[in-house]
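See structure below.
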Amino acid sequence: MENNDQNHCRRCGTCCEKGGPTLHRDDLPLVEKGTIPLKDLYTIRKGEMVMDPAHEEPIPATEELVKIRGRGGEWRCRYLEEKGCVCQIYDHRPEECRAQKCWDTTEIEVVYPKDRISREDLLSGVSGLWELVQEHEQRCSYLQFEALARRIDTVDADDAGSLVTEMIAYDGHLRELVCGQGKMDPEILNFLFGRPMTETIHGFGLAVEKDGDRIILKPASSGQPVP
């Protein structure tokens, strides 16, 4: 900060440019009332590689996080209007946004780790859909994926690689199924099942190449996860 005497928001948009907030229990009414629709959310699943902001290095997520999506492939919060740095839902903004003060991080440091919501908080009452999400989580667990990824350079690489590609194939097939037969809005998939594994495996040092229906694993050009 150029001015250490700052004590109010200057609407520079820096906080919002770095990504949407994680939602907390106090934010549930915003989702339940449709102020923040499910299609505007995405899930970071437990074990998924994320960037540790404190040390700027990749670490596995220790718990599930539900966050507001970016816009147009960027991490800028989708509710930030670029012109004038105006928040489209300012009067109903999430708890983290209300606590965020770049000149004094005391409040956000208290709020950030507490009472985060998960998909269960929003979907457990939706019979059928919640069971599908649970099945996906079980079959595409990042905790299991990480263990398999470590084995890919060992003597049992073929078996590990086969199990990894099965996970990736199931993840992709399920997304196609719920959109095709289930007639579900594709925009909601990143909330229901997290981001596609074809994208997130970069955080584990792997990438996917497709040869028809065949999935081929290869080293990622960068092992850095998305934020």
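Ordering of the structure tokens sets the chain letters (A, B, ...), residue numbers begin anew at 1 in every chain, and ligands are numbered from 1 in the order given.
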
Show me, as a Markdown table, the residues of segment 65-167 of chain A having an atom within 10 Å of segment 187-201 of chain A, each with the closest atom pair and its distance in Å, using only C-alpha atoms.
```
| residue | atom | partner | partner_atom | distance |
| --- | --- | --- | --- | --- |
| A:Leu65 | CA | A:Gly194 | CA | 9.7 |
| A:Val66 | CA | A:Phe191 | CA | 7.5 |
| A:Lys67 | CA | A:Phe191 | CA | 8.6 |
| A:Ile68 | CA | A:Phe191 | CA | 9.5 |
| A:Arg69 | CA | A:Asn190 | CA | 9.1 |
| A:Arg119 | CA | A:Leu192 | CA | 7.4 |
| A:Leu123 | CA | A:Leu192 | CA | 8.9 |
| A:Leu129 | CA | A:Leu192 | CA | 8.8 |
| A:Trp130 | CA | A:Leu192 | CA | 8.8 |
| A:Leu132 | CA | A:Leu192 | CA | 9.1 |
| A:Val133 | CA | A:Leu192 | CA | 6.4 |
| A:Gln134 | CA | A:Phe193 | CA | 9.2 |
| A:His136 | CA | A:Phe193 | CA | 7.1 |
| A:Glu137 | CA | A:Phe193 | CA | 7.6 |
| A:Cys140 | CA | A:Met197 | CA | 8.6 |
| A:Tyr142 | CA | A:Ile201 | CA | 9.3 |
| A:Phe145 | CA | A:Ile201 | CA | 9.0 |
| A:Glu146 | CA | A:Ile201 | CA | 9.3 |
| A:Ala149 | CA | A:Ile201 | CA | 9.2 |
| A:Val164 | CA | A:Ile201 | CA | 9.9 |
| A:Thr165 | CA | A:Thr198 | CA | 9.8 |
| A:Met167 | CA | A:Met197 | CA | 8.3 |
```

Could you list, with a cut-off of 8 Å and counting only C-alpha atoms, the residues of segment 46-100 of chain A near segment 5-12 of chain A, each shown with its nearest atom pair and the distance in Å rounded to one decimal, rows sorted by chain and ascending number, as a tab-separated table?
```
residue	atom	partner	partner_atom	distance
A:Gly84	CA	A:Arg11	CA	7.9
A:Cys85	CA	A:Arg11	CA	6.0
A:Val86	CA	A:Arg11	CA	7.7
```

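Compared by their closest atoms to His92 of chain A, and using only C-alpha atoms, the residues A:Ile36, A:Ile152, A:Met184, A:Leu23 rank with A:Ile36 nearest.
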
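If you count only C-alpha atoms and ignore residues fewer than 4 places along the chain from His24 of chain A, what sits within 10 Å of it is Leu28, Leu65, Val66, Lys67, Pro94, Glu95, Glu96, Val111, Tyr112, Pro113, Lys114, Asp115, Arg116, Ile117 and Ser118 of chain A.
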